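**Student:** Would you mind keeping the following structure in view while I ask a few things?
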Amino acid sequence: MKLPDDLQSEQAFTALLAALRMGKLRSSEFHTMPALAEALGFPVAATREAIKRAEAQSLVEVLPKRGFVIMSTGPETTRACMDMRAALEAEGVRRLLSAGRPALSHLRATHEALLDEARTHPGADLSRRALATDLSLHDFMAGGLDNIFLRQAYEANRNRITVIQNARAFLPDRVIPAMEEHLAIIDAIDSASAEASVIEIERHLRQTLRWWGISAVG
């Protein structure tokens with residue numbers, strides 16, 4: 001049974017995001033539409049619609065009559081995406097705290113456990129699990145953005161950061177300072193201080209950029 005065109009394009013876009021997330025499509029790579037359609041397993045028409053959506057999120061640059069290029073992850077783009085994430089998460093935390101003190105015990109426990117492992121006997125897949133733990137706090141903070149358009153902006157930026165993270169691997173040496181920075185954010189949120197939370201969010205931004213060799217100011 002043939003799926004409706006709009007459903008096919010939605011599924012093709014989901015498959016495209018998955019390919020970006022898993023690193024099957026990487027920064028600055030050139031692809032043709034027919035080749036991508038074959039790789040994703042969808043008709044060219046549905047794939048073309050998926051690429052249009054990806055272009056609207058700045059995930060790709062379409063080259064008319066040729067194909068498309070996956071977004072660049074150069075310093076300027078990386079800085080802009082990470083700055084946008086920090087700004088939206090700071091607002092998310094402000095809104096979370098205005099609604100009361102959020103439950104943080106699970107986030108704290110997972111971060112402390114990973115930090116302890118990283119300091120003592122890191123497992124072979126530590127970087128992969130660290131990235132998942134890292135994302136758990138960022139998604140939590142963004143959860144305070146109780147506005148559909150802010151959420152859409154955050155999700156689009158999150159997709160761009162996926163491409164950036166695939167180009168800039170989460171190295172084992174980064175796990176310990178990253179978890180320490182996250183725990184500082186968690187402590188600040190737990191203190192119910194929006195001001196302290198924003199300070200720690202911005203410190204985490206600067207440290208992440210510095211680790212990648214990018215200045216915080218363009």
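Residues in the structure tokens are numbered from 1 in each chain, the chains being A, B, ... in the order shown, and ligands are numbered from 1 in the order shown.
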Just want the 12 Å neighbourhood of A:Ala46, counted on only C-alpha atoms, with same-chain residues fewer than 4 positions away dropped. Output as an mmCIF file with N, CA, C and O atoms, in the first residue's frame.
**Tutor:**
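out_17.cif was written with the following content:
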data_model
loop_
_atom_site.group_PDB
_atom_site.id
_atom_site.type_symbol
_atom_site.label_atom_id
_atom_site.label_comp_id
_atom_site.auth_asym_id
_atom_site.auth_seq_id
_atom_site.Cartn_x
_atom_site.Cartn_y
_atom_site.Cartn_z
ATOM 1 N N LEU A 3 2.025 4.917 0.677
ATOM 2 C CA LEU A 3 1.768 5.916 1.693
ATOM 3 C C LEU A 3 1.453 7.258 1.059
ATOM 4 O O LEU A 3 1.967 7.579 -0.022
ATOM 5 N N PRO A 4 0.611 8.087 1.694
ATOM 6 C CA PRO A 4 0.359 9.438 1.182
ATOM 7 C C PRO A 4 1.668 10.215 1.067
ATOM 8 O O PRO A 4 2.606 9.999 1.836
ATOM 9 N N ASP A 5 1.724 11.149 0.117
ATOM 10 C CA ASP A 5 2.959 11.891 -0.140
ATOM 11 C C ASP A 5 3.453 12.634 1.088
ATOM 12 O O ASP A 5 4.661 12.672 1.363
ATOM 13 N N ASP A 6 2.524 13.263 1.849
ATOM 14 C CA ASP A 6 2.951 14.035 3.016
ATOM 15 C C ASP A 6 3.532 13.141 4.102
ATOM 16 O O ASP A 6 4.489 13.507 4.791
ATOM 17 N N LEU A 7 2.984 11.922 4.240
ATOM 18 C CA LEU A 7 3.507 10.985 5.225
ATOM 19 C C LEU A 7 4.877 10.468 4.797
ATOM 20 O O LEU A 7 5.796 10.330 5.607
ATOM 21 N N GLN A 8 5.033 10.193 3.503
ATOM 22 C CA GLN A 8 6.324 9.751 2.995
ATOM 23 C C GLN A 8 7.401 10.814 3.214
ATOM 24 O O GLN A 8 8.524 10.495 3.613
ATOM 25 N N SER A 9 7.072 12.066 2.962
ATOM 26 C CA SER A 9 8.060 13.134 3.132
ATOM 27 C C SER A 9 8.407 13.313 4.605
ATOM 28 O O SER A 9 9.567 13.596 4.944
ATOM 29 N N GLU A 10 7.422 13.128 5.488
ATOM 30 C CA GLU A 10 7.681 13.218 6.932
ATOM 31 C C GLU A 10 8.627 12.099 7.363
ATOM 32 O O GLU A 10 9.577 12.330 8.119
ATOM 33 N N GLN A 11 8.371 10.897 6.880
ATOM 34 C CA GLN A 11 9.231 9.766 7.223
ATOM 35 C C GLN A 11 10.620 9.930 6.614
ATOM 36 O O GLN A 11 11.624 9.554 7.232
ATOM 37 N N ALA A 12 10.691 10.489 5.426
ATOM 38 C CA ALA A 12 11.986 10.729 4.788
ATOM 39 C C ALA A 12 12.785 11.750 5.591
ATOM 40 O O ALA A 12 14.009 11.609 5.750
ATOM 41 N N PHE A 13 12.117 12.764 6.112
ATOM 42 C CA PHE A 13 12.805 13.767 6.929
ATOM 43 C C PHE A 13 13.313 13.140 8.225
ATOM 44 O O PHE A 13 14.434 13.421 8.663
ATOM 45 N N THR A 14 12.504 12.288 8.828
ATOM 46 C CA THR A 14 12.927 11.586 10.039
ATOM 47 C C THR A 14 14.147 10.716 9.760
ATOM 48 O O THR A 14 15.093 10.670 10.549
ATOM 49 N N ALA A 15 14.127 10.028 8.613
ATOM 50 C CA ALA A 15 15.268 9.196 8.223
ATOM 51 C C ALA A 15 16.507 10.046 7.952
ATOM 52 O O ALA A 15 17.631 9.649 8.279
ATOM 53 N N LEU A 16 16.303 11.221 7.387
ATOM 54 C CA LEU A 16 17.415 12.134 7.121
ATOM 55 C C LEU A 16 18.042 12.596 8.431
ATOM 56 O O LEU A 16 19.280 12.612 8.572
ATOM 57 N N MET A 33 20.466 14.171 -5.063
ATOM 58 C CA MET A 33 19.155 13.784 -4.579
ATOM 59 C C MET A 33 18.861 12.307 -4.832
ATOM 60 O O MET A 33 18.382 11.604 -3.931
ATOM 61 N N PRO A 34 19.128 11.777 -6.042
ATOM 62 C CA PRO A 34 18.860 10.352 -6.283
ATOM 63 C C PRO A 34 19.667 9.438 -5.362
ATOM 64 O O PRO A 34 19.141 8.428 -4.870
ATOM 65 N N LEU A 36 20.773 10.137 -2.331
ATOM 66 C CA LEU A 36 20.217 10.206 -0.977
ATOM 67 C C LEU A 36 18.913 9.430 -0.899
ATOM 68 O O LEU A 36 18.670 8.710 0.076
ATOM 69 N N ALA A 37 18.068 9.553 -1.929
ATOM 70 C CA ALA A 37 16.799 8.823 -1.942
ATOM 71 C C ALA A 37 17.042 7.322 -1.835
ATOM 72 O O ALA A 37 16.354 6.611 -1.083
ATOM 73 N N GLU A 38 18.030 6.846 -2.565
ATOM 74 C CA GLU A 38 18.354 5.413 -2.512
ATOM 75 C C GLU A 38 18.880 5.025 -1.134
ATOM 76 O O GLU A 38 18.508 3.980 -0.588
ATOM 77 N N LEU A 40 18.287 6.493 1.761
ATOM 78 C CA LEU A 40 17.238 6.569 2.783
ATOM 79 C C LEU A 40 16.111 5.585 2.539
ATOM 80 O O LEU A 40 15.350 5.261 3.451
ATOM 81 N N GLY A 41 15.977 5.130 1.285
ATOM 82 C CA GLY A 41 14.924 4.177 0.962
ATOM 83 C C GLY A 41 13.576 4.820 0.700
ATOM 84 O O GLY A 41 12.538 4.210 0.967
ATOM 85 N N PHE A 42 13.588 6.050 0.163
ATOM 86 C CA PHE A 42 12.344 6.758 -0.135
ATOM 87 C C PHE A 42 12.377 7.272 -1.566
ATOM 88 O O PHE A 42 13.454 7.450 -2.140
ATOM 89 N N ALA A 50 11.967 16.409 2.004
ATOM 90 C CA ALA A 50 12.741 16.322 3.244
ATOM 91 C C ALA A 50 13.922 17.285 3.203
ATOM 92 O O ALA A 50 14.239 17.949 4.200
ATOM 93 N N ILE A 51 14.569 17.378 2.060
ATOM 94 C CA ILE A 51 15.707 18.284 1.908
ATOM 95 C C ILE A 51 15.259 19.737 2.019
ATOM 96 O O ILE A 51 15.966 20.585 2.577
ATOM 97 N N LYS A 52 14.059 20.053 1.504
ATOM 98 C CA LYS A 52 13.536 21.410 1.643
ATOM 99 C C LYS A 52 13.379 21.777 3.120
ATOM 100 O O LYS A 52 13.702 22.897 3.541
ATOM 101 N N ARG A 53 12.877 20.832 3.919
ATOM 102 C CA ARG A 53 12.727 21.073 5.353
ATOM 103 C C ARG A 53 14.094 21.224 6.016
ATOM 104 O O ARG A 53 14.294 22.071 6.884
#
**Student:** Which residues are near A:Val62? Cut-off 12 Å, only C-alpha atoms, ignore same chain within fewer than 5 positions. Put them as JSON, numbers by chain.
**Tutor:** {"A": [28, 29, 30, 31, 32, 33, 48, 49, 50, 51, 52, 53, 54, 55, 56, 67, 68, 69, 70, 71]}
**Student:** I'd like the neighbourhood of stretch 108-125 of chain A as a list in words, where a residue qualifies if any of its atoms comes within 12 Å (using only C-alpha atoms), though same-chain residues fewer than 6 positions away should be ignored.
**Tutor:**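 Returned residues: Leu131, Ala132, Thr133, Asp134, Leu135, Ser136, Leu137, Phe140, Phe170, Leu171, Pro172, Asp173, Arg174, Val175, Ile176, Pro177, Ala178, Met179, Glu180, Glu181, His182, Leu183, Ala184, Ile185, Ile186, Asp187, Ala188, Ile189 and Asp190 of chain A.
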**Student:** Go ahead and dump the residues you just picked, N, CA and C atoms, as a PDB file, in the first residue's frame.
**Tutor:**
ATOM      1  N   LEU A 131      27.815  11.447  26.056  1.00  0.00           N
ATOM      2  CA  LEU A 131      27.045  12.320  25.179  1.00  0.00           C
ATOM      3  C   LEU A 131      25.557  12.238  25.509  1.00  0.00           C
ATOM      4  N   ALA A 132      25.062  11.022  25.789  1.00  0.00           N
ATOM      5  CA  ALA A 132      23.652  10.861  26.154  1.00  0.00           C
ATOM      6  C   ALA A 132      23.355  11.568  27.476  1.00  0.00           C
ATOM      7  N   THR A 133      24.268  11.460  28.433  1.00  0.00           N
ATOM      8  CA  THR A 133      24.089  12.141  29.717  1.00  0.00           C
ATOM      9  C   THR A 133      24.144  13.651  29.525  1.00  0.00           C
ATOM     10  N   ASP A 134      25.065  14.095  28.686  1.00  0.00           N
ATOM     11  CA  ASP A 134      25.187  15.511  28.359  1.00  0.00           C
ATOM     12  C   ASP A 134      23.869  16.054  27.806  1.00  0.00           C
ATOM     13  N   LEU A 135      23.303  15.334  26.847  1.00  0.00           N
ATOM     14  CA  LEU A 135      22.067  15.787  26.218  1.00  0.00           C
ATOM     15  C   LEU A 135      20.895  15.800  27.194  1.00  0.00           C
ATOM     16  N   SER A 136      20.929  14.914  28.188  1.00  0.00           N
ATOM     17  CA  SER A 136      19.807  14.843  29.131  1.00  0.00           C
ATOM     18  C   SER A 136      19.624  16.154  29.887  1.00  0.00           C
ATOM     19  N   LEU A 137      20.716  16.806  30.269  1.00  0.00           N
ATOM     20  CA  LEU A 137      20.591  18.090  30.965  1.00  0.00           C
ATOM     21  C   LEU A 137      20.149  19.186  30.007  1.00  0.00           C
ATOM     22  N   PHE A 140      16.547  18.841  29.386  1.00  0.00           N
ATOM     23  CA  PHE A 140      15.800  19.221  30.592  1.00  0.00           C
ATOM     24  C   PHE A 140      15.629  20.732  30.662  1.00  0.00           C
ATOM     25  N   PHE A 170      33.112  13.760  21.044  1.00  0.00           N
ATOM     26  CA  PHE A 170      33.155  13.923  22.499  1.00  0.00           C
ATOM     27  C   PHE A 170      34.307  13.061  23.011  1.00  0.00           C
ATOM     28  N   LEU A 171      35.491  13.669  23.130  1.00  0.00           N
ATOM     29  CA  LEU A 171      36.691  12.933  23.507  1.00  0.00           C
ATOM     30  C   LEU A 171      36.649  12.532  24.982  1.00  0.00           C
ATOM     31  N   PRO A 172      37.254  11.390  25.325  1.00  0.00           N
ATOM     32  CA  PRO A 172      37.253  10.951  26.730  1.00  0.00           C
ATOM     33  C   PRO A 172      37.794  12.002  27.693  1.00  0.00           C
ATOM     34  N   ASP A 173      38.823  12.768  27.252  1.00  0.00           N
ATOM     35  CA  ASP A 173      39.402  13.786  28.123  1.00  0.00           C
ATOM     36  C   ASP A 173      38.438  14.928  28.428  1.00  0.00           C
ATOM     37  N   ARG A 174      37.399  15.062  27.620  1.00  0.00           N
ATOM     38  CA  ARG A 174      36.417  16.125  27.831  1.00  0.00           C
ATOM     39  C   ARG A 174      35.335  15.693  28.812  1.00  0.00           C
ATOM     40  N   VAL A 175      35.200  14.396  29.066  1.00  0.00           N
ATOM     41  CA  VAL A 175      34.089  13.900  29.883  1.00  0.00           C
ATOM     42  C   VAL A 175      34.129  14.480  31.293  1.00  0.00           C
ATOM     43  N   ILE A 176      35.284  14.428  31.955  1.00  0.00           N
ATOM     44  CA  ILE A 176      35.354  14.891  33.348  1.00  0.00           C
ATOM     45  C   ILE A 176      35.011  16.376  33.476  1.00  0.00           C
ATOM     46  N   PRO A 177      35.662  17.280  32.730  1.00  0.00           N
ATOM     47  CA  PRO A 177      35.287  18.696  32.874  1.00  0.00           C
ATOM     48  C   PRO A 177      33.844  18.978  32.454  1.00  0.00           C
ATOM     49  N   ALA A 178      33.345  18.265  31.438  1.00  0.00           N
ATOM     50  CA  ALA A 178      31.963  18.494  30.996  1.00  0.00           C
ATOM     51  C   ALA A 178      30.971  18.105  32.083  1.00  0.00           C
ATOM     52  N   MET A 179      31.201  16.952  32.729  1.00  0.00           N
ATOM     53  CA  MET A 179      30.296  16.529  33.799  1.00  0.00           C
ATOM     54  C   MET A 179      30.399  17.481  34.990  1.00  0.00           C
ATOM     55  N   GLU A 180      31.593  17.978  35.292  1.00  0.00           N
ATOM     56  CA  GLU A 180      31.757  18.949  36.388  1.00  0.00           C
ATOM     57  C   GLU A 180      31.005  20.242  36.075  1.00  0.00           C
ATOM     58  N   GLU A 181      31.088  20.681  34.832  1.00  0.00           N
ATOM     59  CA  GLU A 181      30.362  21.893  34.430  1.00  0.00           C
ATOM     60  C   GLU A 181      28.853  21.674  34.513  1.00  0.00           C
ATOM     61  N   HIS A 182      28.408  20.499  34.112  1.00  0.00           N
ATOM     62  CA  HIS A 182      26.978  20.189  34.189  1.00  0.00           C
ATOM     63  C   HIS A 182      26.508  20.149  35.645  1.00  0.00           C
ATOM     64  N   LEU A 183      27.315  19.548  36.511  1.00  0.00           N
ATOM     65  CA  LEU A 183      26.925  19.485  37.923  1.00  0.00           C
ATOM     66  C   LEU A 183      26.878  20.881  38.540  1.00  0.00           C
ATOM     67  N   ALA A 184      27.734  21.783  38.079  1.00  0.00           N
ATOM     68  CA  ALA A 184      27.679  23.173  38.554  1.00  0.00           C
ATOM     69  C   ALA A 184      26.363  23.830  38.121  1.00  0.00           C
ATOM     70  N   ILE A 185      25.912  23.512  36.907  1.00  0.00           N
ATOM     71  CA  ILE A 185      24.621  24.021  36.438  1.00  0.00           C
ATOM     72  C   ILE A 185      23.493  23.441  37.287  1.00  0.00           C
ATOM     73  N   ILE A 186      23.554  22.144  37.534  1.00  0.00           N
ATOM     74  CA  ILE A 186      22.524  21.482  38.344  1.00  0.00           C
ATOM     75  C   ILE A 186      22.478  22.091  39.744  1.00  0.00           C
ATOM     76  N   ASP A 187      23.657  22.340  40.351  1.00  0.00           N
ATOM     77  CA  ASP A 187      23.704  22.974  41.675  1.00  0.00           C
ATOM     78  C   ASP A 187      23.049  24.353  41.645  1.00  0.00           C
ATOM     79  N   ALA A 188      23.325  25.112  40.592  1.00  0.00           N
ATOM     80  CA  ALA A 188      22.766  26.463  40.488  1.00  0.00           C
ATOM     81  C   ALA A 188      21.250  26.423  40.344  1.00  0.00           C
ATOM     82  N   ILE A 189      20.752  25.502  39.522  1.00  0.00           N
ATOM     83  CA  ILE A 189      19.300  25.364  39.373  1.00  0.00           C
ATOM     84  C   ILE A 189      18.684  24.934  40.699  1.00  0.00           C
ATOM     85  N   ASP A 190      19.368  23.999  41.389  1.00  0.00           N
ATOM     86  CA  ASP A 190      18.849  23.490  42.661  1.00  0.00           C
ATOM     87  C   ASP A 190      18.812  24.578  43.727  1.00  0.00           C
TER      88      ASP A 190
END
**Student:** Quick one: of A:Val44, A:Ala35, A:Ala86, A:Val93, who's nearest to A:Arg158, counting only C-alpha atoms?
**Tutor:**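 Closest to A:Arg158, using only C-alpha atoms: A:Ala86.
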**Student:** Could you state the separation of atom CA of A:Ser58 and atom CA of A:Arg203 in Å, given to one decimal place?
**Tutor:**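 One can read the atom CA of A:Ser58 to atom CA of A:Arg203 distance as 26.3 Å.
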**Student:** Would you give me, as a list of chain:residue names, the residues in chain A that DSSP reads as strand (DSSP E or B)?
**Tutor:**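 Filtering chain A down to strand (DSSP E or B) leaves A:Phe30, A:His31, A:Val60, A:Glu61, A:Val62, A:Leu63, A:Gly67, A:Phe68, A:Val69, A:Ile70.
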**Student:** Using only C-alpha atoms, tabulate the residues of stretch 79-142 of chain A lying at most 12 Å from any atom of stretch 209-212 of chain A, each with its closest atom pair and that distance in Å to one decimal, by chain and increasing residue number, as a tab-separated table.
**Tutor:**
residue	atom	partner	partner_atom	distance
A:Arg79	CA	A:Leu209	CA	7.2
A:Ala80	CA	A:Leu209	CA	10.7
A:Cys81	CA	A:Leu209	CA	10.9
A:Met82	CA	A:Leu209	CA	8.1
A:Asp83	CA	A:Leu209	CA	9.7
A:Ala86	CA	A:Leu209	CA	11.8
**Student:** Expressed in Å to a single decimal, how great is the separation between atom CA of A:Pro102 and atom CA of A:Tyr154?
**Tutor:** 20.3 Å
**Student:** For a quick check of understanding, using only C-alpha atoms, which of A:Leu20, A:Val217, A:Leu104, A:Leu145 has the smallest distance to A:Ala90?
**Tutor:**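 So, comparing all the options, the nearest one is A:Leu145.
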**Student:** For A:Arg21, work out the shell of residues within 10 Å, counting only C-alpha atoms and skipping chain neighbours fewer than 5 positions away, then give it as number ranges by chain.
**Tutor:** A: 15-16, 26, 159-166
**Student:** Create the file for the chosen residues now, containing C-alpha atoms and written as a CSV table (one decimal), in the first residue's frame.
**Tutor:**
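Produced file part14.csv, reproduced below:
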chain,number,residue,atom,x,y,z
A,15,ALA,CA,15.3,9.2,8.2
A,16,LEU,CA,17.4,12.1,7.1
A,26,ARG,CA,28.7,14.4,7.6
A,159,ASN,CA,19.6,19.2,14.8
A,160,ARG,CA,22.4,21.5,13.7
A,161,ILE,CA,24.4,20.7,16.8
A,162,THR,CA,24.1,17.0,16.0
A,163,VAL,CA,26.1,17.6,12.8
A,164,ILE,CA,28.6,19.7,14.8
A,165,GLN,CA,29.0,17.0,17.4
A,166,ASN,CA,29.7,14.4,14.7
**Student:** To one decimal place, how far is atom CA of A:Ala18 from atom CA of A:Asp146 in Å?
**Tutor:**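 One can read the atom CA of A:Ala18 to atom CA of A:Asp146 distance as 25.5 Å.
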**Student:** DSSP on the backbone: what in stretch 99-216 of chain A comes out helix (DSSP H, G or I), as number ranges by chain?
**Tutor:** A: 105-119, 126-142, 148-167, 172-190, 194-211
**Student:** Under the rule that only C-alpha atoms are counted, which of A:Leu25, A:Ala103, A:Leu97, A:Ala39 is the nearest residue to A:Ala196?
**Tutor:**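 Of the candidates, the smallest distance to A:Ala196 is held by A:Leu97.
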**Student:** Name the residues in contact with A:Gly144 at a cut-off of 9 Å, using only C-alpha atoms, excluding same-chain residues fewer than 5 positions from it; report them as a list in words.
**Tutor:**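 Returned residues: Glu89, Glu91, Gly92, Val93, Arg94, Arg95, Leu96 and Leu97 of chain A.
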**Student:** Please dump the current selection as a PDB file, in the first residue's frame; keep N, CA and C atoms.
**Tutor:**
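As written to disk, again_35.pdb reads:
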ATOM      1  N   GLU A  89      18.392  27.869  26.525  1.00  0.00           N
ATOM      2  CA  GLU A  89      18.371  27.094  27.767  1.00  0.00           C
ATOM      3  C   GLU A  89      18.321  27.999  28.991  1.00  0.00           C
ATOM      4  N   GLU A  91      16.776  30.829  29.157  1.00  0.00           N
ATOM      5  CA  GLU A  91      15.370  31.222  29.275  1.00  0.00           C
ATOM      6  C   GLU A  91      14.524  30.048  29.770  1.00  0.00           C
ATOM      7  N   GLY A  92      14.846  28.842  29.309  1.00  0.00           N
ATOM      8  CA  GLY A  92      14.125  27.663  29.787  1.00  0.00           C
ATOM      9  C   GLY A  92      14.262  27.493  31.286  1.00  0.00           C
ATOM     10  N   VAL A  93      15.465  27.699  31.815  1.00  0.00           N
ATOM     11  CA  VAL A  93      15.694  27.573  33.258  1.00  0.00           C
ATOM     12  C   VAL A  93      14.935  28.658  34.020  1.00  0.00           C
ATOM     13  N   ARG A  94      14.945  29.872  33.514  1.00  0.00           N
ATOM     14  CA  ARG A  94      14.190  30.952  34.171  1.00  0.00           C
ATOM     15  C   ARG A  94      12.719  30.563  34.316  1.00  0.00           C
ATOM     16  N   ARG A  95      12.165  29.993  33.254  1.00  0.00           N
ATOM     17  CA  ARG A  95      10.747  29.619  33.282  1.00  0.00           C
ATOM     18  C   ARG A  95      10.502  28.409  34.180  1.00  0.00           C
ATOM     19  N   LEU A  96      11.439  27.468  34.193  1.00  0.00           N
ATOM     20  CA  LEU A  96      11.309  26.327  35.103  1.00  0.00           C
ATOM     21  C   LEU A  96      11.286  26.800  36.554  1.00  0.00           C
ATOM     22  N   LEU A  97      12.202  27.712  36.891  1.00  0.00           N
ATOM     23  CA  LEU A  97      12.288  28.184  38.271  1.00  0.00           C
ATOM     24  C   LEU A  97      11.098  29.056  38.655  1.00  0.00           C
TER      25      LEU A  97
END
